[in-house]
>>> print(open('my_file.cif').read())   # mmCIF, C-alpha atoms and all ligand atoms
data_start
loop_
_atom_site.label_atom_id
_atom_site.label_comp_id
_atom_site.auth_asym_id
_atom_site.auth_seq_id
_atom_site.Cartn_x
_atom_site.Cartn_y
_atom_site.Cartn_z
CA MET A 11 15.99 -30.65 -3.32
CA THR A 12 14.43 -28.40 -0.66
CA LEU A 13 12.21 -25.40 -1.20
CA PHE A 14 13.92 -22.04 -0.85
CA ASP A 15 12.46 -20.88 2.46
CA VAL A 16 11.22 -17.33 1.85
CA TYR A 17 7.90 -17.26 3.74
CA PRO A 18 6.68 -18.24 7.21
CA ILE A 19 3.72 -20.49 6.29
CA ASN A 20 0.68 -22.02 7.96
CA ASN A 21 0.78 -25.80 8.09
CA ILE A 22 -2.44 -26.20 6.08
CA ASN A 23 -2.75 -28.01 2.75
CA ILE A 24 -5.63 -26.54 0.72
CA VAL A 25 -6.82 -29.10 -1.82
CA LYS A 26 -10.23 -27.80 -2.92
CA ALA A 27 -11.92 -24.43 -3.30
CA HIS A 28 -15.26 -22.99 -4.34
CA GLY A 29 -16.66 -19.45 -4.14
CA SER A 30 -15.55 -17.94 -0.82
CA TYR A 31 -14.61 -21.31 0.72
CA VAL A 32 -11.58 -23.59 0.66
CA TRP A 33 -11.05 -27.10 2.10
CA ASP A 34 -7.91 -28.73 3.43
CA ASP A 35 -6.72 -32.31 2.91
CA LYS A 36 -8.61 -33.42 6.05
CA GLY A 37 -11.89 -32.05 4.71
CA VAL A 38 -11.94 -29.01 7.03
CA GLU A 39 -13.82 -26.05 5.52
CA TYR A 40 -12.45 -22.49 5.78
CA LEU A 41 -14.10 -19.16 4.95
CA ASP A 42 -11.65 -17.21 2.79
CA MET A 43 -11.66 -13.54 3.83
CA TYR A 44 -8.16 -13.18 2.38
CA GLY A 45 -8.86 -14.18 -1.24
CA GLY A 46 -5.41 -15.77 -1.54
CA HIS A 47 -3.91 -12.28 -1.11
CA ALA A 48 -6.55 -10.26 -3.01
CA VAL A 49 -6.28 -12.54 -6.02
CA ILE A 50 -9.67 -14.26 -5.98
CA SER A 51 -12.06 -11.80 -7.61
CA ILE A 52 -14.97 -13.84 -9.01
CA GLY A 53 -14.76 -16.68 -6.47
CA HIS A 54 -12.62 -19.82 -6.39
CA THR A 55 -13.16 -22.26 -9.30
CA ASN A 56 -16.01 -20.20 -10.80
CA GLU A 57 -17.75 -22.53 -13.31
CA HIS A 58 -17.65 -20.12 -16.25
CA TRP A 59 -13.97 -19.35 -15.63
CA VAL A 60 -13.07 -23.07 -15.43
CA LYS A 61 -14.98 -23.80 -18.64
CA ARG A 62 -13.39 -20.91 -20.56
CA ILE A 63 -9.90 -22.09 -19.55
CA GLU A 64 -10.69 -25.75 -20.28
CA ASP A 65 -12.14 -24.93 -23.70
CA GLN A 66 -9.11 -22.79 -24.52
CA LEU A 67 -6.71 -25.47 -23.31
CA GLU A 68 -8.21 -27.93 -25.78
CA LYS A 69 -7.59 -25.47 -28.65
CA ILE A 70 -4.25 -23.78 -27.95
CA ALA A 71 -2.60 -22.71 -24.69
CA PHE A 72 0.30 -20.65 -25.97
CA TYR A 73 1.88 -19.16 -29.00
CA SER A 74 4.39 -16.32 -29.03
CA ASN A 75 3.60 -12.64 -29.54
CA SER A 76 5.06 -12.87 -33.04
CA VAL A 77 1.57 -13.71 -34.32
CA LYS A 78 -1.83 -12.13 -34.01
CA ILE A 79 -3.71 -13.28 -30.89
CA PRO A 80 -7.32 -12.04 -31.30
CA LEU A 81 -8.12 -12.96 -27.68
CA GLN A 82 -5.85 -10.06 -26.64
CA GLN A 83 -8.04 -7.60 -28.54
CA GLU A 84 -11.17 -9.19 -27.10
CA LEU A 85 -9.71 -8.70 -23.61
CA ALA A 86 -8.65 -5.11 -24.39
CA ASP A 87 -12.17 -4.28 -25.63
CA LYS A 88 -13.83 -5.74 -22.53
CA LEU A 89 -11.32 -4.17 -20.14
CA GLY A 90 -11.62 -0.77 -21.84
CA LYS A 91 -15.39 -0.92 -21.48
CA THR A 92 -15.51 -2.18 -17.89
CA SER A 93 -12.85 0.26 -16.68
CA GLY A 94 -14.27 3.23 -18.62
CA LYS A 95 -10.97 3.64 -20.51
CA GLU A 96 -11.92 2.65 -24.05
CA ASN A 97 -9.33 4.99 -25.59
CA TYR A 98 -6.44 3.50 -23.54
CA GLN A 99 -3.95 0.88 -24.82
CA LEU A 100 -3.27 -2.49 -23.19
CA PHE A 101 0.10 -4.17 -22.66
CA LEU A 102 -0.12 -7.63 -21.13
CA CYS A 103 2.36 -9.32 -18.80
CA ASN A 104 2.27 -11.89 -16.00
CA SER A 105 2.39 -10.28 -12.55
CA GLY A 106 1.98 -7.09 -10.57
CA ALA A 107 5.69 -6.39 -10.24
CA GLU A 108 6.12 -6.83 -13.96
CA ALA A 109 3.21 -4.47 -14.62
CA ASN A 110 4.81 -1.75 -12.47
CA GLU A 111 8.25 -2.43 -13.92
CA ASN A 112 6.87 -1.87 -17.42
CA ALA A 113 4.86 1.18 -16.33
CA LEU A 114 7.96 2.87 -14.87
CA LYS A 115 10.11 1.96 -17.82
CA LEU A 116 7.49 3.22 -20.27
CA ALA A 117 7.20 6.51 -18.37
CA SER A 118 10.95 7.00 -18.68
CA PHE A 119 10.93 6.17 -22.40
CA HIS A 120 8.08 8.64 -22.80
CA ASN A 121 9.61 11.73 -21.19
CA ALA A 122 13.29 10.71 -21.15
CA ARG A 123 13.55 11.49 -17.43
CA LYS A 124 14.72 9.43 -14.46
CA LYS A 125 13.29 10.63 -11.13
CA ILE A 126 10.47 8.51 -9.73
CA ILE A 127 8.36 9.73 -6.80
CA ALA A 128 6.96 6.98 -4.56
CA PHE A 129 5.47 7.26 -1.07
CA SER A 130 6.07 6.08 2.47
CA LYS A 131 4.86 2.49 3.05
CA ALA A 132 4.35 1.93 -0.69
CA PHE A 133 4.64 -1.59 -2.09
CA HIS A 134 5.07 -1.99 -5.85
CA GLY A 135 6.65 -5.44 -6.24
CA ARG A 136 9.98 -7.24 -6.12
CA THR A 137 11.57 -6.73 -9.53
CA SER A 138 14.34 -4.16 -9.94
CA LEU A 139 12.65 -0.76 -10.37
CA ALA A 140 9.41 -1.88 -8.71
CA VAL A 141 11.30 -2.91 -5.58
CA SER A 142 13.38 0.29 -5.65
CA ALA A 143 10.07 2.16 -5.50
CA THR A 144 8.94 0.00 -2.55
CA ASP A 145 9.41 1.57 0.88
CA ASN A 146 10.98 -1.42 2.60
CA PRO A 147 14.79 -1.37 2.69
CA SER A 148 14.91 -4.99 3.86
CA ILE A 149 13.71 -6.26 0.46
CA ILE A 150 15.87 -3.94 -1.64
CA ALA A 151 19.09 -5.71 -2.66
CA PRO A 152 22.22 -3.55 -2.94
CA VAL A 153 22.06 -3.81 -6.73
CA ASN A 154 18.57 -2.27 -6.69
CA GLU A 155 19.53 0.76 -4.62
CA THR A 156 19.14 3.87 -6.75
CA GLU A 157 19.01 7.61 -6.34
CA ASN A 158 16.40 7.73 -9.08
CA VAL A 159 13.64 6.98 -6.59
CA VAL A 160 12.61 9.45 -3.92
CA PHE A 161 10.10 8.67 -1.15
CA LEU A 162 7.76 11.39 0.04
CA PRO A 163 5.27 11.12 2.92
CA PHE A 164 1.96 9.59 1.83
CA ASN A 165 -0.99 11.99 1.65
CA ASP A 166 1.29 14.99 2.37
CA GLU A 167 0.31 17.63 -0.16
CA GLU A 168 2.80 20.25 1.00
CA ALA A 169 5.76 17.87 0.67
CA LEU A 170 4.67 16.94 -2.85
CA LYS A 171 4.20 20.57 -3.91
CA ASN A 172 7.60 21.51 -2.51
CA TYR A 173 9.34 18.66 -4.27
CA PHE A 174 7.80 19.56 -7.62
CA LYS A 175 8.58 23.23 -7.10
CA LYS A 176 12.28 22.45 -6.72
CA ASN A 177 12.71 19.45 -9.05
CA GLY A 178 9.56 19.29 -11.20
CA ASP A 179 11.36 19.35 -14.54
CA GLN A 180 13.26 16.17 -13.59
CA VAL A 181 10.30 14.13 -12.40
CA CYS A 182 9.66 11.16 -14.68
CA ALA A 183 6.72 9.62 -12.83
CA VAL A 184 4.69 9.52 -9.65
CA ILE A 185 3.56 6.02 -8.65
CA VAL A 186 0.83 5.62 -6.05
CA GLU A 187 -1.60 2.99 -4.83
CA GLY A 188 -5.18 4.28 -4.48
CA ILE A 189 -5.31 2.30 -1.24
CA GLN A 190 -2.01 1.00 0.10
CA GLY A 191 -2.35 -2.73 0.70
CA VAL A 192 0.89 -4.09 2.15
CA GLY A 193 1.32 -0.68 3.83
CA GLY A 194 -1.76 -1.40 5.96
CA ILE A 195 -4.90 -0.28 4.07
CA ARG A 196 -4.04 3.39 3.95
CA VAL A 197 -6.43 5.27 1.67
CA ALA A 198 -4.99 8.01 -0.56
CA SER A 199 -7.14 11.09 -0.08
CA SER A 200 -9.00 12.40 -3.12
CA SER A 201 -7.31 15.78 -2.82
CA PHE A 202 -3.88 14.11 -2.75
CA LEU A 203 -4.63 12.15 -5.94
CA GLN A 204 -6.05 15.28 -7.57
CA LEU A 205 -2.87 17.17 -6.68
CA ILE A 206 -0.71 14.40 -8.19
CA ARG A 207 -2.78 14.67 -11.38
CA LYS A 208 -2.41 18.45 -11.48
CA LEU A 209 1.34 18.46 -10.86
CA CYS A 210 2.06 15.63 -13.31
CA THR A 211 0.17 17.51 -16.02
CA GLU A 212 1.88 20.80 -15.20
CA TYR A 213 5.41 19.35 -15.20
CA GLY A 214 5.08 16.66 -17.88
CA ALA A 215 5.45 13.73 -15.46
CA VAL A 216 3.60 10.42 -15.82
CA PHE A 217 0.95 9.51 -13.23
CA ILE A 218 1.08 5.75 -12.55
CA ALA A 219 -1.86 4.38 -10.59
CA ASP A 220 -0.77 1.09 -9.04
CA SER A 221 -4.03 -0.83 -9.05
CA VAL A 222 -2.52 -4.28 -8.57
CA GLN A 223 -4.21 -4.80 -5.19
CA CYS A 224 -6.81 -2.01 -4.97
CA GLY A 225 -8.02 -2.29 -8.58
CA TYR A 226 -10.18 -4.63 -10.62
CA GLY A 227 -13.43 -3.68 -8.90
CA ARG A 228 -12.36 -4.61 -5.36
CA THR A 229 -13.30 -1.21 -3.90
CA GLY A 230 -16.61 -0.89 -5.73
CA LYS A 231 -15.14 1.13 -8.59
CA PHE A 232 -12.93 -0.46 -11.23
CA TYR A 233 -9.86 1.51 -10.13
CA SER A 234 -9.91 2.87 -6.58
CA HIS A 235 -8.31 6.06 -7.96
CA ASP A 236 -11.66 6.63 -9.72
CA TYR A 237 -13.11 7.80 -6.39
CA ALA A 238 -11.00 10.97 -6.79
CA GLY A 239 -12.56 11.70 -10.21
CA ILE A 240 -9.16 11.74 -11.95
CA GLU A 241 -7.54 9.84 -14.82
CA ALA A 242 -4.03 8.45 -14.43
CA ASP A 243 -1.68 8.07 -17.42
CA ILE A 244 -0.97 4.42 -16.68
CA TYR A 245 -2.87 1.90 -14.52
CA SER A 246 -1.05 -1.25 -13.48
CA MET A 247 -3.05 -4.37 -12.63
CA ALA A 248 -2.69 -8.09 -11.85
CA LYS A 249 -4.08 -10.10 -8.87
CA GLY A 250 -7.88 -10.13 -9.50
CA MET A 251 -7.39 -9.90 -13.26
CA GLY A 252 -7.08 -13.68 -13.71
CA ASN A 253 -8.82 -14.91 -10.51
CA GLY A 254 -5.71 -16.99 -9.79
CA PHE A 255 -4.46 -17.47 -13.33
CA PRO A 256 -1.20 -15.43 -13.52
CA VAL A 257 -1.88 -12.41 -15.70
CA GLY A 258 -1.03 -8.72 -15.36
CA GLY A 259 -1.13 -5.65 -17.51
CA ILE A 260 -0.91 -1.92 -17.90
CA SER A 261 -3.61 0.31 -19.32
CA ILE A 262 -1.87 3.20 -21.09
CA SER A 263 -3.21 6.63 -22.00
CA PRO A 264 -3.47 7.50 -25.72
CA GLU A 265 -0.96 10.31 -25.07
CA ILE A 266 1.81 7.74 -24.69
CA ALA A 267 2.85 6.41 -28.08
CA PRO A 268 4.30 2.92 -28.53
CA LYS A 269 7.47 2.10 -30.44
CA HIS A 270 8.38 -1.37 -31.58
CA PHE A 271 10.47 -3.33 -29.05
CA MET A 272 10.31 -0.71 -26.27
CA LEU A 273 8.40 -3.33 -24.23
CA GLY A 274 8.15 -7.06 -24.77
CA THR A 275 7.33 -10.40 -23.18
CA THR A 276 7.33 -14.12 -23.96
CA PHE A 277 4.39 -15.28 -21.87
CA GLY A 278 2.40 -12.03 -21.49
CA GLY A 279 -0.99 -12.14 -23.23
CA ASN A 280 -0.88 -15.87 -23.98
CA HIS A 281 -4.08 -17.58 -25.10
CA LEU A 282 -4.82 -19.25 -21.76
CA ALA A 283 -4.21 -16.09 -19.71
CA CYS A 284 -6.49 -14.09 -22.01
CA ALA A 285 -9.24 -16.72 -21.74
CA ALA A 286 -9.02 -16.56 -17.93
CA ALA A 287 -9.01 -12.74 -17.87
CA ILE A 288 -11.95 -12.48 -20.30
CA ALA A 289 -13.93 -14.93 -18.16
CA VAL A 290 -13.27 -12.75 -15.09
CA LEU A 291 -14.67 -9.64 -16.80
CA GLU A 292 -17.67 -11.58 -18.12
CA VAL A 293 -18.54 -12.85 -14.64
CA MET A 294 -17.94 -9.43 -13.08
CA GLU A 295 -20.44 -7.93 -15.47
CA LYS A 296 -23.03 -10.72 -15.34
CA GLU A 297 -23.05 -10.88 -11.53
CA ASP A 298 -22.62 -7.12 -11.00
CA LEU A 299 -19.70 -7.82 -8.69
CA MET A 300 -18.45 -4.25 -8.29
CA LYS A 301 -21.84 -3.37 -6.82
CA ASN A 302 -21.69 -6.40 -4.54
CA ALA A 303 -18.18 -5.43 -3.38
CA GLU A 304 -19.39 -1.93 -2.59
CA GLU A 305 -22.52 -3.09 -0.73
CA VAL A 306 -21.10 -6.00 1.26
CA GLY A 307 -17.91 -3.99 1.94
CA THR A 308 -19.85 -1.00 3.29
CA TYR A 309 -21.86 -3.35 5.50
CA LEU A 310 -18.71 -5.06 6.83
CA ILE A 311 -17.02 -1.74 7.64
CA GLN A 312 -20.12 -0.46 9.41
CA GLU A 313 -20.48 -3.63 11.52
CA ILE A 314 -16.76 -4.00 12.36
CA LYS A 315 -16.84 -0.43 13.67
CA LYS A 316 -19.38 -1.58 16.30
CA ILE A 317 -16.96 -4.14 17.80
CA ASP A 318 -15.27 -2.78 20.94
CA GLY A 319 -11.52 -3.25 20.92
CA LEU A 320 -10.96 -2.86 17.16
CA LYS A 321 -9.57 0.48 16.05
CA ASN A 322 -9.36 2.61 12.91
CA VAL A 323 -11.64 0.50 10.74
CA ARG A 324 -11.00 1.73 7.22
CA GLY A 325 -11.00 0.92 3.52
CA LYS A 326 -13.43 0.84 0.63
CA GLY A 327 -15.56 -1.99 -0.70
CA LEU A 328 -13.90 -5.34 -0.02
CA MET A 329 -10.48 -3.90 0.82
CA ILE A 330 -10.74 -3.37 4.56
CA GLY A 331 -8.27 -2.96 7.41
CA PHE A 332 -8.41 -2.39 11.15
CA ASP A 333 -5.83 -2.10 13.92
CA VAL A 334 -5.53 -4.63 16.69
CA SER A 335 -3.99 -3.75 20.04
CA ASP A 336 -1.46 -5.92 21.84
CA GLU A 337 -4.15 -7.82 23.78
CA LEU A 338 -5.54 -8.98 20.43
CA LYS A 339 -2.27 -10.07 18.90
CA ASP A 340 -3.54 -13.69 18.58
CA LEU A 341 -6.70 -12.63 16.74
CA LYS A 342 -5.57 -13.57 13.23
CA LYS A 343 -4.16 -16.92 14.35
CA ASN A 344 -7.28 -17.77 16.39
CA LEU A 345 -9.62 -16.81 13.55
CA LEU A 346 -7.74 -19.28 11.39
CA TYR A 347 -7.22 -22.21 13.75
CA LYS A 348 -10.32 -21.93 15.98
CA HIS A 349 -12.89 -20.39 13.64
CA LYS A 350 -11.48 -21.66 10.32
CA ILE A 351 -11.38 -18.24 8.69
CA PHE A 352 -8.48 -16.93 6.61
CA THR A 353 -7.69 -13.22 6.96
CA GLY A 354 -4.70 -11.16 5.83
CA GLU A 355 -2.42 -8.91 7.83
CA ALA A 356 -0.10 -5.95 7.45
CA LYS A 357 2.77 -5.65 9.88
CA PRO A 358 2.86 -4.75 12.69
CA ASN A 359 -0.79 -4.77 13.84
CA VAL A 360 -3.29 -4.55 11.00
CA ILE A 361 -5.79 -7.21 9.92
CA ARG A 362 -6.56 -7.00 6.23
CA LEU A 363 -9.71 -8.33 4.59
CA LEU A 364 -9.48 -9.02 0.86
CA PRO A 365 -12.20 -11.58 0.12
CA SER A 366 -13.70 -12.52 -3.22
CA LEU A 367 -15.98 -9.87 -4.71
CA THR A 368 -18.72 -12.51 -4.61
CA LEU A 369 -18.78 -12.52 -0.79
CA THR A 370 -22.40 -12.74 0.37
CA LYS A 371 -23.96 -10.90 3.29
CA ASN A 372 -24.45 -14.29 4.99
CA ASP A 373 -20.72 -15.01 4.75
CA ALA A 374 -19.98 -11.49 6.01
CA ASP A 375 -22.27 -12.20 9.00
CA LYS A 376 -20.52 -15.50 9.65
CA PHE A 377 -17.21 -13.64 9.76
CA LEU A 378 -18.61 -10.86 11.97
CA THR A 379 -19.98 -13.35 14.52
CA ALA A 380 -16.61 -15.12 14.76
CA LEU A 381 -14.76 -11.82 14.96
CA GLN A 382 -16.99 -10.51 17.75
CA GLN A 383 -16.68 -13.79 19.71
CA GLU A 384 -12.91 -13.96 19.38
CA VAL A 385 -12.31 -10.31 20.26
CA SER A 386 -14.49 -10.68 23.41
CA PHE A 387 -12.71 -13.94 24.32
CA LEU A 388 -9.23 -12.43 23.99
CA LEU A 389 -10.17 -9.28 25.90
CA ARG A 390 -11.75 -11.34 28.73
CA THR A 391 -8.71 -13.61 28.91
CA LYS A 392 -6.44 -10.60 29.15
CA GLU A 393 -8.61 -9.03 31.84
CA ARG A 394 -8.60 -12.24 33.94
CA ALA A 395 -4.83 -12.51 33.60
CA SER A 396 -4.30 -8.95 34.79
CA GLN A 397 -6.75 -9.47 37.73
CA SER A 398 -4.96 -12.63 38.89
CA SER A 399 -1.55 -11.00 38.64
CA ALA A 400 -2.88 -8.10 40.76
CA VAL A 401 -4.00 -10.51 43.54
C1 LIG B 501 0.11 -2.67 -4.74
C2 LIG B 501 0.93 -3.82 -5.25
N1 LIG B 501 1.72 -3.64 -6.33
C3 LIG B 501 2.46 -4.64 -6.83
C4 LIG B 501 2.46 -5.89 -6.25
C5 LIG B 501 3.30 -6.99 -6.82
O1 LIG B 501 2.51 -7.96 -7.44
P1 LIG B 501 3.08 -9.42 -7.75
O2 LIG B 501 3.28 -10.11 -6.45
O3 LIG B 501 2.03 -10.04 -8.62
O4 LIG B 501 4.36 -9.23 -8.49
C6 LIG B 501 1.65 -6.13 -5.12
C7 LIG B 501 1.65 -7.45 -4.46
O5 LIG B 501 1.20 -7.65 -3.36
C8 LIG B 501 0.87 -5.06 -4.61
O6 LIG B 501 0.10 -5.23 -3.53
#
>>> encode(input="my_file.cif", output="C-alpha cells", more="lines below")
Ligand SMILES: Cc1ncc(COP(=O)(O)O)c(C=O)c1O
Amino acid sequence: MTLFDVYPINNINIVKAHGSYVWDDKGVEYLDMYGGHAVISIGHTNEHWVKRIEDQLEKIAFYSNSVKIPLQQELADKLGKTSGKENYQLFLCNSGAEANENALKLASFHNARKKIIAFSKAFHGRTSLAVSATDNPSIIAPVNETENVVFLPFNDEEALKNYFKKNGDQVCAVIVEGIQGVGGIRVASSSFLQLIRKLCTEYGAVFIADSVQCGYGRTGKFYSHDYAGIEADIYSMAKGMGNGFPVGGISISPEIAPKHFMLGTTFGGNHLACAAAIAVLEVMEKEDLMKNAEEVGTYLIQEIKKIDGLKNVRGKGLMIGFDVSDELKDLKKNLLYKHKIFTGEAKPNVIRLLPSLTLTKNDADKFLTALQQEVSFLLRTKERASQSSAV
C-alpha cells in the first residue's frame, strides 16, 4: 500500500523532540520556529504533559460519552478560568475543522438561519461547511459548493455594513480569524472585530471567533480577538490545545442553549485527550507562557524589522509573518537545510513563525542571527549575478 500523496514534504525524519528543538534520525538538531504548524504550545515532550498522559494511559484511555467523564469538567473549569470565559460552555471534539464545523452547525440550530459570512483569504478547515467557508476554491469539492456562504473582503467595514443592511435578517453567523494564519498572518483590525460584534448583536447573528491557529495564548492573550475588547458567541480551538495530542473544542456563550443530540462525537473529550489538554493549561499557567509569548514575540518582531530586505513584518506575540521578495525565494529552504531551522510559510511569499510559547530569547537570537546571515547571503548572491550578467 502507498501513502495517498497529498502534501509536498521535506525528506527529513524527525525522531526526537524537546522544548523548541527536534532531532532527525541522523542526530541533526533543528530549531523549531514552526511548532509543527502552530501545534506545539508548551514545548515538545514537556515532562509534565508526558507524565499526565502516561498516568492517564495506565488508568483508562477511552470510554464513550455515554458516561460521566469528570476530566471534561476539570478541563472546562481550567479553560474557563484561563480564557476569562467562566460562564461559557465547552463542547469537545478532535480537530480544528471539526470545531468550526460544530460552531457553524450550532449557530444555524440556534437562529434557524443559513447564510454564513466568511472573509477573503480565510481558512477554516477541510470538512464540509468549514471548507465551504474557506476562501480557496481549489480545496472545495463540487459537493461542498454552497450559496449559503458569502465571502466579503477582510477588514472592509463598509462592505460588511452594506451586506448586513441588505441581508442582515438572513445572516446566521460571521466567522473570522483574529489573525489569519494560512492567509498570510493578516491581523483583523480591532474596529473590524468590534463592528462584527455590533452587527451580529443587532441582527441576531452568531459571532464565531476561529481561534484554532491564533488562539490558546499564542498572541499573548488567550484569544487574539481579546485585543479588540469584544466577546464572541463561539470560540473554536484546537492546535495548541493538546500540544500535539489531537483535541479541539468550542467555547459557547451562555446565550446559546444546548439540546440533546444536536451535537455529538465518539472520540471528542476522551480521557487521554482531556489529560493532555489539562496538562497544557497547567503548564501555561505555571510557566506564565502567554506573557513569554508576548515578550519574546514583541522582541522578534522588533528585531526582524531591522533586517534589510524583509518587508511588512507583522503579527502579535508568537504568530509572526513577513514578506520575502523574489530574490529571497530560497530563504525558507536555506534556513531549513543550511541553518537547521524550521519555519512556516503562506503562499505565495510569506514566511510564518509559529514557535512554541516557551521560546526563549536566546533561541530567538539564534534564529535572528541565521535569518540576518541568510538574507544578506541571498541578496549578495543576487547582486553578483546581476553584475556579471551586465558585464
Ligand atoms: C484558522 C484555522 N482554522 C481551522 C483549521 C483546521 O484545523 P485542523 O487542521 O485541525 O482541522 C486550521 C488549520 O490550519 C486553521 O489554521
>>> closest_atom_pairs(input="my_file.cif", of="chain A", to="ligand LIG 501 (chain B)", cutoff="10 Å", atoms="all atoms listed in the file", output="tab-separated table")
residue	atom	partner	partner_atom	distance
A:His47	CA	B:LIG501	O5	7.3
A:Ala48	CA	B:LIG501	O5	8.2
A:Val49	CA	B:LIG501	O3	9.1
A:Asn104	CA	B:LIG501	O3	7.6
A:Ser105	CA	B:LIG501	O3	4.0
A:Gly106	CA	B:LIG501	O1	3.3
A:Ala107	CA	B:LIG501	O4	3.6
A:Glu108	CA	B:LIG501	O4	6.2
A:Ala109	CA	B:LIG501	C3	7.8
A:Asn110	CA	B:LIG501	C3	6.8
A:Glu111	CA	B:LIG501	C3	9.4
A:Ala132	CA	B:LIG501	C1	7.5
A:Phe133	CA	B:LIG501	C1	5.4
A:His134	CA	B:LIG501	N1	3.8
A:Gly135	CA	B:LIG501	C5	3.7
A:Arg136	CA	B:LIG501	O4	6.4
A:Thr137	CA	B:LIG501	O4	7.7
A:Ala140	CA	B:LIG501	C3	7.7
A:Val141	CA	B:LIG501	C5	9.1
A:Thr144	CA	B:LIG501	N1	8.9
A:Val186	CA	B:LIG501	C1	8.4
A:Glu187	CA	B:LIG501	C1	5.9
A:Gly188	CA	B:LIG501	C1	8.7
A:Ile189	CA	B:LIG501	C1	8.1
A:Gln190	CA	B:LIG501	C1	6.4
A:Gly191	CA	B:LIG501	O6	5.5
A:Val192	CA	B:LIG501	O6	5.8
A:Gly193	CA	B:LIG501	O6	8.7
A:Ala219	CA	B:LIG501	C1	9.4
A:Asp220	CA	B:LIG501	C1	5.8
A:Ser221	CA	B:LIG501	C1	6.3
A:Val222	CA	B:LIG501	C2	4.8
A:Gln223	CA	B:LIG501	O6	4.6
A:Cys224	CA	B:LIG501	C1	7.0
A:Gly225	CA	B:LIG501	C1	9.0
A:Ser246	CA	B:LIG501	N1	8.0
A:Met247	CA	B:LIG501	N1	7.9
A:Ala248	CA	B:LIG501	O3	6.0
A:Lys249	CA	B:LIG501	O3	6.1
A:Gly250	CA	B:LIG501	O3	9.9
A:Pro256	CA	B:LIG501	O3	8.0
A:Val257	CA	B:LIG501	O3	8.4
A:Gly258	CA	B:LIG501	O3	7.5
>>> closest_residue(input="my_file.cif", among="A:Ile311, A:Val197, A:Cys103, A:Ile260", to="Asp375 of chain A", atoms="only C-alpha atoms")
A:Ile311
>>> residues_around(input="my_file.cif", residues="segment 334-349 of chain A", least_positions_apart="6", cutoff="12 Å", atoms="all atoms listed in the file", output="ChimeraX atom specification")
/A:19-22,38-44,194,317-323,355-363,376-396
>>> residues_near_point(input="my_file.cif", point="(10.4, 6.1, -18.3)", cutoff="12 Å", atoms="all atoms listed in the file", output="short mmCIF file (atom, residue, chain, number, x, y, z; two decimals) with C-alpha atoms, keeping the file's coordinate frame")
data_model
loop_
_atom_site.label_atom_id
_atom_site.label_comp_id
_atom_site.auth_asym_id
_atom_site.auth_seq_id
_atom_site.Cartn_x
_atom_site.Cartn_y
_atom_site.Cartn_z
CA ASN A 110 4.81 -1.75 -12.47
CA GLU A 111 8.25 -2.43 -13.92
CA ASN A 112 6.87 -1.87 -17.42
CA ALA A 113 4.86 1.18 -16.33
CA LEU A 114 7.96 2.87 -14.87
CA LYS A 115 10.11 1.96 -17.82
CA LEU A 116 7.49 3.22 -20.27
CA ALA A 117 7.20 6.51 -18.37
CA SER A 118 10.95 7.00 -18.68
CA PHE A 119 10.93 6.17 -22.40
CA HIS A 120 8.08 8.64 -22.80
CA ASN A 121 9.61 11.73 -21.19
CA ALA A 122 13.29 10.71 -21.15
CA ARG A 123 13.55 11.49 -17.43
CA LYS A 124 14.72 9.43 -14.46
CA LYS A 125 13.29 10.63 -11.13
CA ILE A 126 10.47 8.51 -9.73
CA LEU A 139 12.65 -0.76 -10.37
CA ASN A 158 16.40 7.73 -9.08
CA GLN A 180 13.26 16.17 -13.59
CA VAL A 181 10.30 14.13 -12.40
CA CYS A 182 9.66 11.16 -14.68
CA ALA A 183 6.72 9.62 -12.83
CA VAL A 184 4.69 9.52 -9.65
CA ILE A 185 3.56 6.02 -8.65
CA GLY A 214 5.08 16.66 -17.88
CA ALA A 215 5.45 13.73 -15.46
CA VAL A 216 3.60 10.42 -15.82
CA PHE A 217 0.95 9.51 -13.23
CA ILE A 218 1.08 5.75 -12.55
CA ILE A 244 -0.97 4.42 -16.68
CA ILE A 266 1.81 7.74 -24.69
CA MET A 272 10.31 -0.71 -26.27
CA LEU A 273 8.40 -3.33 -24.23
#
>>> closest_residue(input="my_file.cif", among="A:Ala151, A:Ile70, A:Val16, A:Val293", to="Asn56 of chain A", atoms="only C-alpha atoms")
A:Val293
>>> residues_near_point(input="my_file.cif", point="(-12.5, -23.6, -23.6)", cutoff="12 Å", atoms="only C-alpha atoms", output="list of chain:residue names")
A:Glu57, A:His58, A:Trp59, A:Val60, A:Lys61, A:Arg62, A:Ile63, A:Glu64, A:Asp65, A:Gln66, A:Leu67, A:Glu68, A:Lys69, A:Ile70, A:Ala71, A:His281, A:Leu282, A:Ala283, A:Cys284, A:Ala285, A:Ala286, A:Ile288, A:Ala289
>>> closest_residue(input="my_file.cif", among="A:Asn253, A:Gln397, A:Lys371, A:Gly354", to="Ile195 of chain A", atoms="all atoms listed in the file")
A:Gly354
>>> atom_distance(input="my_file.cif", atom1="atom CA of Pro163 of chain A", atom2="atom CA of Pro147 of chain A")
15.7 Å
>>> atom_distance(input="my_file.cif", atom1="atom CA of Asp15 of chain A", atom2="atom CA of Ser130 of chain A")
27.7 Å
>>> atom_distance(input="my_file.cif", atom1="atom CA of Phe174 of chain A", atom2="atom CA of Arg196 of chain A")
23.1 Å
>>> closest_residue(input="my_file.cif", among="A:Asn372, A:Thr276, A:Gly252, A:Pro264", to="Val306 of chain A", atoms="all atoms listed in the file")
A:Asn372
>>> closest_atom_pairs(input="my_file.cif", of="segment 154-183 of chain A", to="segment 201-212 of chain A", cutoff="12 Å", atoms="all atoms listed in the file", output="tab-separated table")
residue	atom	partner	partner_atom	distance
A:Pro163	CA	A:Phe202	CA	11.2
A:Phe164	CA	A:Phe202	CA	8.7
A:Asn165	CA	A:Phe202	CA	5.7
A:Asp166	CA	A:Phe202	CA	7.3
A:Glu167	CA	A:Phe202	CA	6.1
A:Glu168	CA	A:Phe202	CA	9.8
A:Ala169	CA	A:Phe202	CA	10.9
A:Leu170	CA	A:Ile206	CA	8.0
A:Lys171	CA	A:Leu209	CA	7.8
A:Asn172	CA	A:Leu209	CA	10.9
A:Tyr173	CA	A:Leu209	CA	10.4
A:Phe174	CA	A:Leu209	CA	7.3
A:Lys175	CA	A:Leu209	CA	9.5
A:Asn177	CA	A:Leu209	CA	11.6
A:Gly178	CA	A:Leu209	CA	8.3
A:Asp179	CA	A:Glu212	CA	9.6
A:Gln180	CA	A:Cys210	CA	11.2
A:Val181	CA	A:Cys210	CA	8.4
A:Cys182	CA	A:Cys210	CA	8.9
A:Ala183	CA	A:Cys210	CA	7.6
